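A.B. asks: I am sharing my_file.txt, which consists of compact mmCIF, C-alpha atoms:
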```
# COMPACT_ATOMS: atom_id res chain seq x y z
CA MET A 1 -41.37 -4.69 -48.14
CA ASN A 2 -38.66 -5.60 -50.58
CA VAL A 3 -35.87 -7.29 -48.66
CA ARG A 4 -33.52 -7.04 -51.57
CA ASN A 5 -33.59 -3.31 -51.54
CA GLU A 6 -30.13 -2.19 -50.37
CA LYS A 7 -31.05 1.41 -49.68
CA GLY A 8 -30.19 2.37 -46.10
CA GLN A 9 -27.74 -0.50 -45.62
CA ALA A 10 -24.83 1.92 -45.46
CA LEU A 11 -26.28 3.63 -42.41
CA ILE A 12 -26.67 0.32 -40.58
CA LEU A 13 -23.13 -0.66 -41.48
CA ALA A 14 -21.80 2.70 -40.36
CA LEU A 15 -23.66 2.52 -37.05
CA ALA A 16 -22.46 -1.03 -36.44
CA PHE A 17 -18.92 0.10 -37.25
CA LEU A 18 -19.17 3.04 -34.83
CA MET A 19 -20.68 0.88 -32.10
CA PHE A 20 -17.98 -1.75 -32.42
CA PHE A 21 -15.11 0.68 -32.20
CA GLY A 22 -16.85 2.63 -29.46
CA LEU A 23 -16.94 -0.55 -27.43
CA VAL A 24 -13.30 -1.31 -28.19
CA ILE A 25 -12.22 2.17 -27.05
CA GLY A 26 -14.42 1.92 -23.97
CA LEU A 27 -12.81 -1.37 -23.02
CA MET A 28 -9.32 0.02 -23.56
CA LEU A 29 -10.03 3.02 -21.33
CA SER A 30 -11.61 0.77 -18.73
CA LEU A 31 -8.47 -1.37 -18.72
CA ALA A 32 -6.31 1.71 -18.24
CA SER A 33 -8.46 2.97 -15.39
CA SER A 34 -8.34 -0.38 -13.61
CA SER A 35 -4.55 -0.24 -13.79
CA VAL A 36 -4.62 3.13 -12.08
CA LEU A 37 -7.06 1.79 -9.49
CA SER A 38 -4.82 -1.19 -8.78
CA SER A 39 -1.87 1.19 -8.24
CA THR A 40 -3.89 3.16 -5.72
CA GLN A 41 -4.95 -0.01 -3.92
CA LEU A 42 -1.37 -1.22 -3.85
CA ARG A 43 -0.24 2.05 -2.30
CA GLN A 44 -2.98 1.86 0.34
CA GLN A 45 -2.06 -1.72 1.15
CA ARG A 46 1.59 -0.70 1.51
CA SER A 47 0.74 2.18 3.87
CA THR A 48 -1.48 -0.12 5.92
CA VAL A 49 1.14 -2.83 6.31
CA TYR A 50 4.02 -0.49 7.13
CA ALA A 51 1.91 1.52 9.58
CA ALA A 52 0.73 -1.67 11.32
CA ASP A 53 4.22 -3.17 11.38
CA GLY A 54 5.73 0.01 12.78
CA ALA A 55 3.06 0.49 15.45
CA THR A 56 3.42 -3.14 16.57
CA ASP A 57 7.19 -2.77 16.81
CA ALA A 58 6.76 0.45 18.76
CA ALA A 59 4.27 -1.17 21.14
CA ILE A 60 6.70 -4.03 21.78
CA HIS A 61 9.48 -1.56 22.48
CA VAL A 62 7.35 0.56 24.83
CA ALA A 63 6.31 -2.62 26.68
CA LEU A 64 9.93 -3.73 26.84
CA LYS A 65 10.97 -0.49 28.49
CA ASN A 66 7.96 -0.39 30.82
CA ILE A 67 7.43 -3.69 32.57
CA GLY A 68 3.96 -2.77 33.81
CA VAL A 69 2.59 -2.80 30.25
CA GLY A 70 0.78 -6.06 29.64
CA ALA A 71 1.22 -7.28 33.21
CA TYR A 72 -1.74 -9.15 34.69
CA GLY A 73 -4.73 -6.78 35.02
CA ASP A 74 -3.03 -3.82 33.27
CA PRO A 75 -5.84 -1.35 32.39
CA ARG A 76 -4.06 -0.39 29.14
CA CYS A 77 -4.53 -3.95 27.91
CA GLN A 78 -7.49 -6.30 27.71
CA ASP A 79 -8.50 -9.52 29.38
CA PRO A 80 -7.27 -12.35 27.14
CA THR A 81 -10.23 -14.52 28.09
CA GLN A 82 -12.65 -11.98 26.58
CA PRO A 83 -13.19 -11.28 22.86
CA LEU A 84 -10.80 -8.66 21.51
CA SER A 85 -12.19 -5.14 21.34
CA PRO A 86 -10.79 -2.04 19.53
CA THR A 87 -10.69 -0.27 22.91
CA PRO A 88 -8.88 0.30 25.19
CA THR A 89 -6.04 1.12 22.85
CA MET A 90 -2.56 0.76 24.23
CA LEU A 91 -0.70 2.78 21.60
CA GLN A 92 -1.52 4.90 18.59
CA SER A 93 0.82 6.08 15.87
CA THR A 94 0.14 8.40 12.94
CA ALA A 95 2.48 8.58 9.96
CA THR A 96 3.55 12.02 8.79
CA THR A 97 3.30 10.97 5.16
CA ALA A 98 0.60 12.40 2.87
CA ASP A 99 -1.90 9.66 3.67
CA ALA A 100 -1.39 10.09 7.46
CA THR A 101 -2.22 6.47 8.18
CA THR A 102 -3.03 5.88 11.83
CA ALA A 103 -2.40 2.53 13.45
CA SER A 104 -3.80 1.53 16.83
CA VAL A 105 -2.41 -1.30 18.93
CA VAL A 106 -4.45 -3.16 21.52
CA CYS A 107 -2.86 -5.64 23.86
CA THR A 108 -4.03 -8.50 26.03
CA TRP A 109 -2.38 -8.91 29.36
CA SER A 110 -0.38 -11.84 30.62
CA GLN A 111 -2.72 -14.53 31.97
CA ASP A 112 -0.44 -16.12 34.51
CA PHE A 113 0.10 -13.63 37.32
CA LEU A 114 2.54 -15.97 39.07
CA ASN A 115 4.87 -16.08 36.10
CA PRO A 116 7.68 -13.53 36.40
CA ASP A 117 7.68 -13.11 32.61
CA ARG A 118 4.96 -11.46 30.57
CA THR A 119 3.39 -13.00 27.49
CA VAL A 120 1.55 -10.20 25.74
CA MET A 121 -0.46 -10.34 22.55
CA PHE A 122 -0.43 -7.16 20.45
CA THR A 123 -3.08 -6.69 17.79
CA THR A 124 -2.89 -3.75 15.42
CA PHE A 125 -5.72 -2.05 13.58
CA VAL A 126 -5.34 0.65 10.94
CA SER A 127 -7.64 3.65 10.56
CA GLY A 128 -10.57 3.04 8.29
CA THR A 129 -10.72 -0.68 9.00
CA THR A 130 -12.31 -2.63 11.84
CA LYS A 131 -10.33 -5.76 11.11
CA PRO A 132 -6.88 -6.40 12.56
CA VAL A 133 -3.84 -6.21 10.30
CA VAL A 134 -1.04 -7.66 12.41
CA GLN A 135 -0.98 -9.78 15.53
CA ALA A 136 2.16 -10.50 17.53
CA ILE A 137 2.71 -12.61 20.60
CA VAL A 138 5.73 -11.53 22.60
CA LEU A 139 7.37 -13.05 25.63
CA PHE A 140 9.14 -10.48 27.80
CA HIS A 141 11.82 -12.01 29.97
CA ASP A 142 11.29 -9.73 32.93
CA HIS A 143 13.49 -11.71 35.26
CA TRP A 144 16.47 -11.17 33.01
CA SER A 145 18.65 -8.12 33.18
CA PRO A 146 18.24 -6.28 30.94
CA VAL A 147 14.70 -7.33 30.09
CA THR A 148 14.47 -8.85 26.63
CA ALA A 149 11.63 -9.34 24.20
CA GLU A 150 11.18 -12.60 22.34
CA VAL A 151 8.71 -12.43 19.46
CA GLN A 152 7.02 -15.82 19.44
CA ALA A 153 4.57 -15.18 16.62
CA TRP A 154 4.05 -12.43 14.07
CA VAL A 155 0.99 -12.98 11.95
CA TYR A 156 -0.46 -10.90 9.15
CA CYS A 157 -4.21 -11.17 9.29
CA GLY A 158 -6.02 -12.04 6.08
CA HIS A 159 -8.60 -9.94 4.26
CA GLY A 160 -11.25 -11.37 6.53
CA GLY A 161 -9.33 -10.12 9.55
CA ALA A 162 -8.56 -13.66 10.73
CA CYS A 163 -5.21 -13.97 12.45
CA MET B 164 -32.06 -14.71 -69.66
CA ARG B 165 -29.83 -12.53 -67.55
CA LEU B 166 -28.75 -13.95 -64.25
CA LEU B 167 -27.99 -11.54 -61.44
CA PRO B 168 -29.18 -8.43 -63.25
CA HIS B 169 -28.28 -6.17 -60.28
CA LEU B 170 -24.58 -6.74 -60.91
CA HIS B 171 -24.88 -4.88 -64.11
CA ARG B 172 -26.44 -1.84 -62.61
CA GLU B 173 -24.24 1.18 -62.99
CA ASP B 174 -25.50 3.04 -59.95
CA GLY B 175 -22.57 3.93 -57.66
CA PHE B 176 -22.39 5.79 -54.36
CA SER B 177 -23.41 9.40 -54.43
CA LEU B 178 -21.00 12.14 -53.42
CA ALA B 179 -22.96 12.71 -50.20
CA GLU B 180 -22.70 9.04 -49.26
CA LEU B 181 -18.98 9.04 -49.89
CA LEU B 182 -18.45 12.21 -47.88
CA ILE B 183 -20.45 10.85 -44.94
CA THR B 184 -18.46 7.62 -45.07
CA ILE B 185 -15.16 9.48 -45.12
CA VAL B 186 -16.23 11.65 -42.19
CA LEU B 187 -17.43 8.64 -40.18
CA VAL B 188 -14.26 6.69 -40.84
CA SER B 189 -12.11 9.69 -40.00
CA VAL B 190 -13.94 10.36 -36.73
CA THR B 191 -13.68 6.71 -35.74
CA PHE B 192 -10.01 6.59 -36.67
CA VAL B 193 -9.22 9.70 -34.63
CA ALA B 194 -11.19 8.30 -31.67
CA ILE B 195 -9.33 4.99 -31.84
CA LEU B 196 -6.00 6.76 -32.08
CA THR B 197 -6.81 9.01 -29.13
CA GLY B 198 -7.98 6.03 -27.09
CA LEU B 199 -4.82 4.13 -27.92
CA MET B 200 -2.62 7.09 -27.02
CA THR B 201 -4.43 7.54 -23.71
CA THR B 202 -4.08 3.86 -22.90
CA ILE B 203 -0.37 3.92 -23.70
CA ARG B 204 0.15 7.08 -21.62
CA VAL B 205 -1.78 5.72 -18.63
CA SER B 206 -0.03 2.39 -18.90
CA ALA B 207 3.39 4.06 -18.89
CA ALA B 208 2.44 6.19 -15.87
CA HIS B 209 1.15 3.10 -14.12
CA ARG B 210 4.36 1.22 -14.82
CA THR B 211 6.41 4.12 -13.44
CA GLN B 212 4.26 4.27 -10.31
CA ALA B 213 4.38 0.53 -9.76
CA THR B 214 8.17 0.47 -10.19
CA THR B 215 8.59 3.42 -7.82
CA ASP B 216 6.40 1.63 -5.30
CA ALA B 217 8.54 -1.50 -5.62
CA VAL B 218 11.72 0.56 -5.18
CA ALA B 219 10.26 2.21 -2.07
CA ARG B 220 9.28 -1.15 -0.57
CA SER B 221 12.67 -2.66 -1.35
CA ALA B 222 14.46 0.30 0.22
CA ALA B 223 12.24 0.10 3.30
CA GLU B 224 12.98 -3.60 3.73
CA TRP B 225 16.67 -2.95 3.14
CA VAL B 226 16.78 -0.33 5.89
CA LYS B 227 14.68 -2.46 8.27
CA ASP B 228 16.92 -5.47 7.77
CA SER B 229 19.06 -5.72 10.89
CA GLN B 230 21.79 -7.61 9.01
CA ARG B 231 22.29 -4.98 6.32
CA ASN B 232 21.44 -2.01 8.48
CA PRO B 233 21.98 -2.81 12.16
CA TYR B 234 20.29 -0.46 14.59
CA ARG B 235 22.51 2.57 15.18
CA THR B 236 22.47 4.63 18.31
CA ALA B 237 24.85 7.33 17.10
CA CYS B 238 22.04 9.85 16.57
CA SER B 239 23.77 11.08 13.42
CA GLY B 240 20.65 11.41 11.27
CA THR B 241 20.18 9.94 7.83
CA GLY B 242 23.83 8.92 7.54
CA MET B 243 23.31 6.07 10.01
CA TYR B 244 21.58 3.90 7.42
CA THR B 245 22.19 3.28 3.77
CA THR B 246 20.53 1.90 0.69
CA ALA B 247 23.94 1.20 -0.88
CA GLY B 248 24.00 -2.26 -2.39
CA LEU B 249 20.29 -2.23 -3.14
CA ALA B 250 19.60 -2.96 -6.82
CA ILE B 251 17.58 -0.01 -8.05
CA PRO B 252 16.45 0.11 -11.71
CA THR B 253 17.90 2.84 -13.90
CA GLY B 254 15.82 5.98 -13.79
CA TYR B 255 14.75 5.52 -10.18
CA SER B 256 16.26 6.46 -6.84
CA ALA B 257 15.66 5.87 -3.16
CA ALA B 258 16.90 7.98 -0.29
CA ILE B 259 16.57 8.13 3.47
CA THR B 260 15.29 11.64 4.02
CA ARG B 261 14.65 11.75 7.75
CA VAL B 262 15.46 9.90 10.95
CA GLU B 263 13.49 10.79 14.06
CA TYR B 264 13.87 9.50 17.59
CA TRP B 265 11.58 8.24 20.32
CA ASP B 266 11.95 10.33 23.44
CA GLY B 267 11.67 7.36 25.78
CA SER B 268 8.64 8.69 27.69
CA ALA B 269 6.83 6.11 29.79
CA PRO B 270 3.13 5.57 29.12
CA ALA B 271 0.58 6.77 31.68
CA ALA B 272 -1.00 4.19 33.98
CA SER B 273 -4.07 4.16 31.76
CA GLY B 274 -5.13 5.63 28.42
CA THR B 275 -3.62 5.51 24.96
CA TYR B 276 0.04 6.22 24.40
CA ASP B 277 0.30 8.62 21.47
CA LEU B 278 3.59 7.66 19.90
CA SER B 279 3.56 10.52 17.37
CA SER B 280 3.84 13.10 20.13
CA HIS B 281 6.87 11.30 21.53
CA ILE B 282 8.88 11.25 18.31
CA GLN B 283 11.30 14.10 17.86
CA SER B 284 13.77 15.20 15.23
CA SER B 285 16.72 15.58 17.59
CA CYS B 286 18.38 12.95 19.65
CA PRO B 287 16.71 12.65 23.06
CA GLY B 288 18.68 13.79 26.09
CA GLY B 289 21.25 11.27 27.12
CA SER B 290 21.16 8.78 24.31
CA ASP B 291 19.07 7.02 21.71
CA LYS B 292 16.10 5.23 23.28
CA GLY B 293 16.01 2.28 20.92
CA LEU B 294 13.20 3.33 18.59
CA GLN B 295 13.48 5.44 15.46
CA ARG B 296 11.10 6.57 12.75
CA ILE B 297 12.77 6.57 9.35
CA THR B 298 11.36 8.23 6.25
CA ILE B 299 12.34 6.86 2.85
CA VAL B 300 11.50 8.52 -0.45
CA ALA B 301 11.66 6.73 -3.79
CA SER B 302 11.18 8.63 -7.01
CA SER B 303 11.45 8.28 -10.75
CA SER B 304 13.92 10.53 -12.52
CA ASN B 305 11.24 11.77 -14.92
CA GLY B 306 9.37 13.20 -11.95
CA GLN B 307 6.22 11.22 -12.68
CA ALA B 308 6.15 9.29 -9.43
CA THR B 309 7.29 9.79 -5.85
CA GLU B 310 6.51 7.37 -3.04
CA THR B 311 7.15 7.95 0.64
CA ILE B 312 7.37 5.20 3.23
CA GLN B 313 7.81 5.57 6.97
CA ILE B 314 9.13 2.70 9.00
CA LEU B 315 9.76 2.26 12.70
CA LYS B 316 13.00 0.56 13.55
CA ARG B 317 13.67 -0.75 17.02
CA ALA B 318 16.80 -1.99 18.67
CA ILE B 319 16.58 -5.76 18.98
CA THR B 320 17.32 -6.90 22.51
```
Mind turning the file's structure into structure tokens?
C.D. replies:
Amino acid sequence: MNVRNEKGQALILALAFLMFFGLVIGLMLSLASSSVLSSTQLRQQRSTVYAADGATDAAIHVALKNIGVGAYGDPRCQDPTQPLSPTPTMLQSTATTADATTASVVCTWSQDFLNPDRTVMFTTFVSGTTKPVVQAIVLFHDHWSPVTAEVQAWVYCGHGGAC
Amino acid sequence: MRLLPHLHREDGFSLAELLITIVLVSVTFVAILTGLMTTIRVSAAHRTQATTDAVARSAAEWVKDSQRNPYRTACSGTGMYTTAGLAIPTGYSAAITRVEYWDGSAPAASGTYDLSSHIQSSCPGGSDKGLQRITIVASSSNGQATETIQILKRAIT
């Protein structure tokens, strides 16, 4: 084989040329598609946070207006000494936006049954996830008139669901 | 003695070789151009969407903020809250499109309280019950992006 023979070199060059630019175009399109993907993820994250925030606020308000909610032994809430479970759910809220995100709030009842005030922990989950999104600890001053709600902690849980 | 004798060869490219080269280069050029155009188009659409999303979030926070938009019990619909004063980039808009009201129903002794079935478009009998669902729509003027956010606003007591 004569290595100095240049016949056929043009084909190799052309193929290399095509392959290089094919890769460049592929990378450009991949970049564009990841941008679109990130937009979608951002929108989902927004819906999740607003749905969870809203449902938690609603749960606090419902508990404020109904002093039995979160009282010691309330069947709508859970035992705070036990690990948190997705059920029973105290409140559920579904957005009427296109994505119809549903948020579910579970609560743990007040531990001290002698205390006239309730300290209730609300934990909110959003449909499609098993990890909590928001956790709030609220002290309801039941012996005041009117009853008031004091939010003592409002925590956004991380990706791992740790609050 | 002639050094590098191949430099003196007079063989050039044939017509077929030239035509194939031109075709290959043209196809590649068109593909690159199309790819570039697609990337630019997608990037512009993405920017519009991201900006609309930011406008929607800003408007939602603006309406939720109890300093700028204190909780209103007047039951007068979308006019109770405003996005006036919010810096919105040119070419985008944000509007409060709906305000709905909690009916104040008490939860049952057990079971899940379905909030959605206790939200109504008209003011509940008597007066506002301290919880409202507000819908905010942000959109770009070129019609490429529209984002809807729903927030729940409660009276702070």
A.B. asks: Would you compute the distance between atom CA of Ser47 of chain A and atom CA of Ala100 of chain A? Give it in Å to one decimal.
C.D. replies: 8.9 Å
A.B. asks: With only C-alpha atoms considered, list every residue of chain B at most 8 Å from chain A, as a ChimeraX atom specification.
C.D. replies: /B:184,187,191,194-195,198-199,201-202,205-206,209,212-213,216,220,269-270,272-279,293-294,311-317,320
A.B. asks: Measure the distance from atom CA of Ala250 of chain B to atom CA of Ala222 of chain B in Å and round it to one decimal.
C.D. replies: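 We find that atom CA of Ala250 of chain B and atom CA of Ala222 of chain B lie 9.3 Å from each other.
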A.B. asks: Quick one: distance from atom CA of Thr130 of chain A to atom CA of Cys107 of chain A in Å, one decimal?
C.D. replies: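 Pair atom CA of Thr130 of chain A / atom CA of Cys107 of chain A returns 15.6 Å.
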A.B. asks: Hey, what's within 9 Å of Ser256 of chain B if we count only C-alpha atoms and toss same-chain stuff fewer than 2 positions away? As a count of residues only, please?
C.D. replies: 13
A.B. asks: Pick out the residues sitting within 10 Å of Ile282 of chain B, and hand them over as a list of chain:residue names; count all atoms listed in the file, and ignore anything fewer than 6 positions along from it in its own chain.
C.D. replies: A:Ser93, B:Val262, B:Glu263, B:Tyr264, B:Trp265, B:Asp266, B:Gly267, B:Ser268, B:Leu294, B:Gln295, B:Arg296
A.B. asks: Store the residues picked out above in a file with C-alpha atoms, as a tab-separated table (two decimals), in the frame of the given file.
C.D. replies:
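Output file selection-v2.tsv is given in full below:
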```tsv
chain	number	residue	atom	x	y	z
A	93	SER	CA	0.82	6.08	15.87
B	262	VAL	CA	15.46	9.90	10.95
B	263	GLU	CA	13.49	10.79	14.06
B	264	TYR	CA	13.87	9.50	17.59
B	265	TRP	CA	11.58	8.24	20.32
B	266	ASP	CA	11.95	10.33	23.44
B	267	GLY	CA	11.67	7.36	25.78
B	268	SER	CA	8.64	8.69	27.69
B	294	LEU	CA	13.20	3.33	18.59
B	295	GLN	CA	13.48	5.44	15.46
B	296	ARG	CA	11.10	6.57	12.75
```
A.B. asks: Show which residues sit within 7 Å of segment 227-235 of chain B, as a list of chain:residue names. Count all atoms listed in the file, and ignore same-chain residues fewer than 2 positions away.
C.D. replies: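 Contacts, in chain order: B:Ala223, B:Glu224, B:Trp225, B:Ala237, B:Met243, B:Tyr244, B:Lys316, B:Ala318.
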A.B. asks: With a distance cut-off of 7 Å and all atoms listed in the file, select the neighbouring residues of Gln135 of chain A, excluding the residue or stretch itself and same-chain residues fewer than 2 positions from it, and output the selection as a VMD selection string.
C.D. replies: chain A and resid 122 to 124 133 137 154 to 156 163
A.B. asks: Which neighbours of Cys286 of chain B fall inside 7 Å, counting all atoms listed in the file, when residues of the same chain fewer than 3 positions from it are skipped, and could you give them as a PyMOL selection string?
C.D. replies: chain B and resi 238+264+290-291
